[in-house]
$ cat run35.tsv   # TSV, C-alpha atoms and all ligand atoms
chain	number	residue	atom	x	y	z
A	1	MET	CA	74.74	84.03	77.90
A	2	ILE	CA	76.14	84.91	81.33
A	3	THR	CA	75.13	82.74	84.24
A	4	VAL	CA	75.84	83.54	87.86
A	5	GLU	CA	75.47	80.62	90.23
A	6	ASN	CA	75.21	80.98	93.98
A	7	LEU	CA	77.64	83.90	94.10
A	8	HIS	CA	78.92	85.19	97.42
A	9	ARG	CA	81.13	88.18	98.12
A	10	HIS	CA	81.84	88.91	101.74
A	11	PHE	CA	83.64	91.90	103.23
A	12	GLY	CA	84.80	90.60	106.58
A	13	GLY	CA	81.62	89.30	108.15
A	14	PHE	CA	79.37	91.35	105.86
A	15	HIS	CA	77.70	89.48	102.99
A	16	ALA	CA	77.40	92.13	100.25
A	17	VAL	CA	76.45	89.43	97.72
A	18	ASP	CA	74.84	86.53	99.48
A	19	GLY	CA	74.14	83.59	97.20
A	20	ALA	CA	72.99	85.44	94.06
A	21	SER	CA	72.01	83.41	90.98
A	22	LEU	CA	70.87	84.92	87.70
A	23	ARG	CA	71.06	84.70	83.92
A	24	ILE	CA	71.78	87.38	81.37
A	25	GLU	CA	70.53	86.14	78.01
A	26	THR	CA	72.51	86.98	74.90
A	27	GLY	CA	70.79	89.80	73.03
A	28	SER	CA	68.90	91.10	76.07
A	29	ILE	CA	68.97	94.45	77.80
A	30	THR	CA	68.73	93.16	81.34
A	31	GLY	CA	67.94	95.61	84.13
A	32	LEU	CA	69.32	95.20	87.64
A	33	ILE	CA	67.41	97.12	90.29
A	34	GLY	CA	67.18	97.21	94.06
A	35	PRO	CA	67.69	99.56	96.99
A	36	ASN	CA	71.04	101.14	97.83
A	37	GLY	CA	73.31	98.59	99.45
A	38	ALA	CA	71.55	95.65	97.75
A	39	GLY	CA	74.86	94.42	96.33
A	40	LYS	CA	74.34	95.38	92.68
A	41	THR	CA	77.68	97.14	92.18
A	42	THR	CA	79.53	94.42	94.06
A	43	LEU	CA	77.90	91.82	91.83
A	44	PHE	CA	78.98	93.81	88.75
A	45	ASN	CA	82.51	94.06	90.12
A	46	VAL	CA	82.72	90.33	90.66
A	47	ILE	CA	81.32	89.46	87.21
A	48	ALA	CA	83.65	91.98	85.55
A	49	GLY	CA	86.75	90.67	87.32
A	50	ARG	CA	87.41	93.66	89.57
A	51	LEU	CA	86.71	91.73	92.76
A	52	PRO	CA	87.25	88.02	93.34
A	53	PRO	CA	84.16	86.22	94.62
A	54	THR	CA	84.19	84.58	98.02
A	55	SER	CA	82.50	81.60	96.35
A	56	GLY	CA	80.22	80.79	93.45
A	57	ARG	CA	80.58	80.59	89.70
A	58	VAL	CA	80.22	82.85	86.66
A	59	THR	CA	80.08	81.45	83.14
A	60	MET	CA	79.97	83.05	79.71
A	61	ASP	CA	78.54	80.86	76.95
A	62	GLY	CA	79.27	77.83	79.10
A	63	GLU	CA	82.88	78.79	79.82
A	64	ASP	CA	83.89	79.32	83.44
A	65	ILE	CA	85.03	82.96	83.70
A	66	THR	CA	84.94	83.21	87.52
A	67	GLY	CA	87.63	85.53	88.80
A	68	LEU	CA	89.22	86.22	85.41
A	69	PRO	CA	90.97	89.60	85.38
A	70	PRO	CA	89.30	92.48	83.50
A	71	HIS	CA	91.72	92.39	80.55
A	72	GLU	CA	90.93	88.71	79.88
A	73	LEU	CA	87.20	89.42	80.07
A	74	PHE	CA	87.76	92.40	77.81
A	75	SER	CA	89.36	90.11	75.20
A	76	LYS	CA	86.16	88.03	75.33
A	77	GLY	CA	84.09	91.16	74.71
A	78	LEU	CA	82.83	91.68	78.28
A	79	LEU	CA	83.17	95.25	79.54
A	80	ARG	CA	81.86	97.33	82.37
A	81	THR	CA	81.52	101.07	82.65
A	82	PHE	CA	81.53	103.03	85.84
A	83	GLN	CA	79.22	105.22	87.81
A	84	ILE	CA	81.76	107.98	87.41
A	85	ALA	CA	83.01	108.32	83.87
A	86	HIS	CA	86.76	107.85	83.49
A	87	GLU	CA	87.59	110.19	80.67
A	88	PHE	CA	90.94	111.80	79.90
A	89	SER	CA	89.71	115.30	80.60
A	90	SER	CA	92.35	117.33	78.77
A	91	MET	CA	92.03	115.30	75.57
A	92	THR	CA	89.32	115.77	72.99
A	93	VAL	CA	86.38	113.42	72.68
A	94	ARG	CA	87.81	111.93	69.46
A	95	GLU	CA	91.21	111.43	71.10
A	96	ASN	CA	89.56	109.74	74.05
A	97	LEU	CA	87.94	107.23	71.73
A	98	MET	CA	91.25	106.66	69.96
A	99	MET	CA	92.97	105.85	73.26
A	100	VAL	CA	90.97	102.72	73.96
A	101	PRO	CA	92.59	99.38	73.24
A	102	GLU	CA	92.06	98.48	69.64
A	103	GLY	CA	90.43	95.23	68.56
A	104	GLN	CA	90.25	92.10	70.62
A	105	HIS	CA	93.97	91.40	70.74
A	106	GLY	CA	95.15	93.57	73.59
A	107	GLU	CA	96.91	95.87	71.16
A	108	THR	CA	96.72	99.46	72.32
A	109	LEU	CA	97.35	102.72	70.58
A	110	TRP	CA	99.92	103.28	73.29
A	111	ASN	CA	101.81	100.19	72.07
A	112	ALA	CA	101.45	101.32	68.53
A	113	TRP	CA	103.09	104.63	69.39
A	114	PHE	CA	105.76	103.59	71.81
A	115	GLY	CA	106.18	99.87	71.25
A	116	ARG	CA	106.41	99.61	67.52
A	117	GLY	CA	106.71	103.21	66.39
A	118	LYS	CA	103.98	105.54	65.30
A	119	ILE	CA	101.92	104.09	62.47
A	120	ALA	CA	100.06	106.80	60.67
A	121	ALA	CA	97.75	104.44	58.80
A	122	GLN	CA	96.64	102.84	62.04
A	123	GLU	CA	96.01	106.23	63.56
A	124	ARG	CA	93.93	107.27	60.56
A	125	GLU	CA	91.95	104.06	60.85
A	126	LEU	CA	91.25	104.73	64.52
A	127	ALA	CA	90.23	108.33	63.81
A	128	LYS	CA	87.84	107.10	61.12
A	129	LYS	CA	86.33	104.58	63.48
A	130	ALA	CA	86.03	107.22	66.21
A	131	ASP	CA	84.15	109.49	63.80
A	132	GLU	CA	81.78	106.66	62.87
A	133	VAL	CA	81.13	106.02	66.57
A	134	LEU	CA	80.43	109.72	67.21
A	135	ASP	CA	78.06	109.78	64.26
A	136	PHE	CA	76.22	106.70	65.56
A	137	LEU	CA	75.84	108.34	68.96
A	138	THR	CA	74.74	111.64	67.36
A	139	ILE	CA	77.54	113.57	69.07
A	140	SER	CA	79.75	114.37	66.07
A	141	HIS	CA	79.54	118.03	67.07
A	142	LEU	CA	81.50	117.18	70.23
A	143	ALA	CA	84.44	115.49	68.44
A	144	ASP	CA	86.91	118.31	69.12
A	145	GLU	CA	85.55	119.28	72.54
A	146	ARG	CA	87.78	118.59	75.52
A	147	ALA	CA	86.27	115.63	77.35
A	148	GLY	CA	86.57	117.47	80.66
A	149	ASN	CA	84.02	120.01	79.40
A	150	LEU	CA	81.31	117.40	78.73
A	151	SER	CA	78.22	117.11	80.88
A	152	GLY	CA	77.66	113.95	82.91
A	153	GLY	CA	75.33	112.52	80.28
A	154	GLN	CA	77.69	113.31	77.43
A	155	LYS	CA	80.44	111.50	79.34
A	156	LYS	CA	78.17	108.48	79.54
A	157	LEU	CA	77.75	108.61	75.78
A	158	LEU	CA	81.52	108.79	75.46
A	159	GLU	CA	81.77	105.64	77.58
A	160	LEU	CA	79.30	103.89	75.32
A	161	GLY	CA	81.43	105.07	72.43
A	162	ARG	CA	84.48	103.45	73.95
A	163	THR	CA	82.71	100.11	74.07
A	164	MET	CA	81.99	100.54	70.35
A	165	MET	CA	85.65	101.16	69.58
A	166	VAL	CA	86.43	97.65	70.79
A	167	ASP	CA	83.31	95.92	69.45
A	168	ALA	CA	82.16	94.73	72.85
A	169	LYS	CA	79.66	91.87	73.09
A	170	ILE	CA	78.29	92.37	76.59
A	171	VAL	CA	78.41	95.65	78.45
A	172	PHE	CA	77.68	96.25	82.14
A	173	LEU	CA	76.46	99.80	82.66
A	174	ASP	CA	76.42	101.20	86.17
A	175	GLU	CA	73.89	103.94	86.94
A	176	VAL	CA	73.79	105.33	83.50
A	177	GLY	CA	71.22	107.98	84.40
A	178	ALA	CA	72.76	109.36	87.59
A	179	GLY	CA	72.72	113.15	87.32
A	180	VAL	CA	71.74	113.09	83.64
A	181	ASN	CA	68.96	115.32	82.29
A	182	ARG	CA	65.89	113.72	80.70
A	183	THR	CA	66.74	114.67	77.10
A	184	LEU	CA	70.22	113.21	77.31
A	185	LEU	CA	68.94	110.17	79.16
A	186	ASN	CA	66.64	109.53	76.19
A	187	THR	CA	69.59	109.89	73.82
A	188	ILE	CA	71.56	107.38	75.90
A	189	GLY	CA	68.57	105.04	76.00
A	190	ASP	CA	68.18	105.27	72.21
A	191	ALA	CA	71.89	104.52	71.75
A	192	ILE	CA	71.60	101.46	73.99
A	193	VAL	CA	68.58	100.17	72.09
A	194	ARG	CA	70.25	100.73	68.71
A	195	LEU	CA	73.47	99.05	69.85
A	196	ASN	CA	71.36	96.14	71.03
A	197	LYS	CA	69.22	95.84	67.90
A	198	GLU	CA	71.68	96.89	65.20
A	199	ARG	CA	75.00	95.70	66.62
A	200	GLY	CA	73.90	92.74	68.69
A	201	TYR	CA	75.14	94.08	72.02
A	202	THR	CA	73.92	92.49	75.22
A	203	PHE	CA	73.52	94.91	78.14
A	204	CYS	CA	73.13	94.58	81.86
A	205	VAL	CA	72.12	97.92	83.34
A	206	ILE	CA	72.00	99.11	86.95
A	207	GLU	CA	69.64	102.06	87.11
A	208	HIS	CA	67.39	103.78	89.63
A	209	ASP	CA	65.23	105.59	87.09
A	210	MET	CA	62.24	103.27	86.72
A	211	ASP	CA	60.98	104.98	83.55
A	212	PHE	CA	64.30	104.25	81.94
A	213	ILE	CA	64.33	100.66	83.18
A	214	GLY	CA	60.73	100.11	82.09
A	215	ARG	CA	61.35	101.50	78.62
A	216	LEU	CA	64.58	99.65	77.95
A	217	CYS	CA	64.96	96.54	80.02
A	218	ASP	CA	63.60	93.06	79.62
A	219	PRO	CA	63.99	91.15	81.83
A	220	VAL	CA	64.44	93.06	85.08
A	221	ILE	CA	66.29	91.44	87.99
A	222	VAL	CA	65.52	92.63	91.51
A	223	MET	CA	68.19	92.41	94.21
A	224	ALA	CA	67.98	93.08	97.95
A	225	GLU	CA	70.35	92.26	100.77
A	226	GLY	CA	72.78	90.49	98.47
A	227	LYS	CA	70.18	88.16	97.01
A	228	VAL	CA	68.21	87.99	93.78
A	229	LEU	CA	64.56	88.32	94.76
A	230	ALA	CA	63.05	87.98	91.31
A	231	GLN	CA	63.95	87.72	87.67
A	232	ALA	CA	61.00	88.72	85.53
A	233	PRO	CA	60.89	86.60	82.39
A	234	PRO	CA	61.12	88.32	79.01
A	235	THR	CA	57.76	89.62	77.87
A	236	ALA	CA	56.31	89.15	74.41
A	237	SER	CA	56.70	92.83	73.45
B	301	LIG	P1	74.42	98.71	95.55
B	301	LIG	O1	75.22	98.84	94.30
B	301	LIG	O2	73.23	97.81	95.37
B	301	LIG	O3	74.04	100.02	96.15
B	301	LIG	P2	76.87	97.79	96.75
B	301	LIG	O4	77.28	96.56	96.01
B	301	LIG	O5	77.56	99.05	96.37
B	301	LIG	O6	75.30	97.95	96.64
B	301	LIG	O7	77.07	97.57	98.29
B	301	LIG	C1	76.51	96.47	98.98
B	301	LIG	C2	76.98	96.53	100.41
B	301	LIG	O8	78.34	96.13	100.47
B	301	LIG	C3	76.88	97.91	101.03
B	301	LIG	O9	76.40	97.79	102.35
B	301	LIG	C4	78.32	98.39	101.01
B	301	LIG	O10	78.56	99.26	102.10
B	301	LIG	C5	79.10	97.11	101.16
B	301	LIG	N1	80.41	97.20	100.50
B	301	LIG	C6	80.63	97.40	99.18
B	301	LIG	N2	81.94	97.42	98.93
B	301	LIG	C7	82.58	97.23	100.12
B	301	LIG	C8	83.95	97.16	100.52
B	301	LIG	N3	84.95	97.27	99.63
B	301	LIG	N4	84.21	96.94	101.84
B	301	LIG	C9	83.22	96.81	102.72
B	301	LIG	N5	81.91	96.87	102.42
B	301	LIG	C10	81.59	97.08	101.13

$ encode --input "run35.tsv" --output "structure tokens" --more "lines below"
Ligand code: ADP
Amino acid sequence: MITVENLHRHFGGFHAVDGASLRIETGSITGLIGPNGAGKTTLFNVIAGRLPPTSGRVTMDGEDITGLPPHELFSKGLLRTFQIAHEFSSMTVRENLMMVPEGQHGETLWNAWFGRGKIAAQERELAKKADEVLDFLTISHLADERAGNLSGGQKKLLELGRTMMVDAKIVFLDEVGAGVNRTLLNTIGDAIVRLNKERGYTFCVIEHDMDFIGRLCDPVIVMAEGKVLAQAPPTAS
């Protein structure tokens, strides 16, 4: 479980996050909604270690993780994705998946190649895992496509795939549906639900599409002006 207690993040005199408190229960798909400028992305950035908080506390399963850098959070299984997908555009989809850090030990394919020499067995293992991930996401047909040629929604699926390469525990997804067509948005939603149910992922999702939020998320947290206005309790469904 992630808890956020009385979190503040100020930019000069501006209080982008202004005393936010919330809980993200393990095993949930928690939605985070609110108008533009509510402080959702800033909150994500603070939780995920990209911005230090001005004050307040973040814990993960009781452990204080406030202000830990992204790579330390990553080693605990906490990841965030971005509004704009960060793919290596000239590499194929499979190669993109193979480039993510492997396992929970900070060991990267890059290290494997240049630090300790190229290890063919390890590469084969990564390629196999990448193919399993593509199969899970139903995008095996895109394995050899250059990532730069993917649509916005397909890039989002690739980002989800990257989290699977490292067996993430909790994933923060920022505006997963922005600019994505309805069919692909459903595919992404299905992948999120299956990762949650079959792989035990916890998600926290910022999204403006209320159909998507309503279908996927429980509970839903509402933010405005840097504060949490409401956290709807999980329903019985
Ligand atoms: P949301 O994701 O809910 O749209 P943001 O967290 O992106 O909200 O932004 C909250 C407010 O904080 C906005 O008014 C934004 O302009 C401001 N803000 C965000 N980042 C910075 C920054 N680095 N410097 C100054 N102001 C910022």

$ residues_near_ligand --input "run35.tsv" --ligand "ligand LIG 301 (chain B)" --cutoff "10 Å" --atoms "all atoms listed in the file" --output "count of residues only"
34

$ atom_distance --input "run35.tsv" --atom1 "CA of Leu68 (chain A)" --atom2 "CA of Val166 (chain A)"
18.8 Å

$ residues_around --input "run35.tsv" --residues "region 182-187 of chain A" --least-positions-apart "2" --cutoff "9 Å" --atoms "all atoms listed in the file" --output "mmCIF file with C-alpha atoms, in the coordinates of the input"
data_model
loop_
_atom_site.group_PDB
_atom_site.id
_atom_site.type_symbol
_atom_site.label_atom_id
_atom_site.label_comp_id
_atom_site.auth_asym_id
_atom_site.auth_seq_id
_atom_site.Cartn_x
_atom_site.Cartn_y
_atom_site.Cartn_z
ATOM 1 C CA LEU A 137 75.840 108.340 68.960
ATOM 2 C CA THR A 138 74.740 111.640 67.360
ATOM 3 C CA GLY A 153 75.330 112.520 80.280
ATOM 4 C CA GLN A 154 77.690 113.310 77.430
ATOM 5 C CA LEU A 157 77.750 108.610 75.780
ATOM 6 C CA VAL A 176 73.790 105.330 83.500
ATOM 7 C CA GLY A 177 71.220 107.980 84.400
ATOM 8 C CA VAL A 180 71.740 113.090 83.640
ATOM 9 C CA GLY A 189 68.570 105.040 76.000
ATOM 10 C CA ASP A 190 68.180 105.270 72.210
ATOM 11 C CA ALA A 191 71.890 104.520 71.750
ATOM 12 C CA ILE A 192 71.600 101.460 73.990
ATOM 13 C CA PHE A 212 64.300 104.250 81.940
#

$ closest_residue --input "run35.tsv" --among "A:Leu7, A:Leu195, A:Leu78, A:Met98" --to "Thr54 (chain A)" --atoms "all atoms listed in the file"
A:Leu7

$ atom_distance --input "run35.tsv" --atom1 "CA of Leu126 (chain A)" --atom2 "CA of Leu142 (chain A)"
16.8 Å

$ atom_distance --input "run35.tsv" --atom1 "CA of Glu159 (chain A)" --atom2 "CA of Gln122 (chain A)"
21.7 Å

$ residues_around --input "run35.tsv" --residues "region 146-148 of chain A" --least-positions-apart "5" --cutoff "12 Å" --atoms "all atoms listed in the file" --output "NGL selection string"
:A and (85-97 or 141 or 153-159)

$ closest_residue --input "run35.tsv" --among "A:Lys197, A:Arg215, A:His71, A:Arg124" --to "Ala48 (chain A)" --atoms "only C-alpha atoms"
A:His71

$ closest_residue --input "run35.tsv" --among "A:Ala178, A:Val222, A:Ala168, A:Leu229" --to "Asp209 (chain A)" --atoms "all atoms listed in the file"
A:Ala178

$ closest_residue --input "run35.tsv" --among "A:Arg194, A:Arg23, A:His8, A:Arg80" --to "Pro52 (chain A)" --atoms "all atoms listed in the file"
A:His8

$ axis_aligned_box --input "run35.tsv" --around "region 134-151 of chain A" --padding-each-side "4 Å" --output "lines of an AutoDock Vina configuration file"
center_x = 81.3
center_y = 113.4
center_z = 72.6
size_x = 21.0
size_y = 21.3
size_z = 24.6

$ closest_residue --input "run35.tsv" --among "A:Ile65, A:Gln231, A:Ser151, A:Ala127" --to "Cys217 (chain A)" --atoms "only C-alpha atoms"
A:Gln231
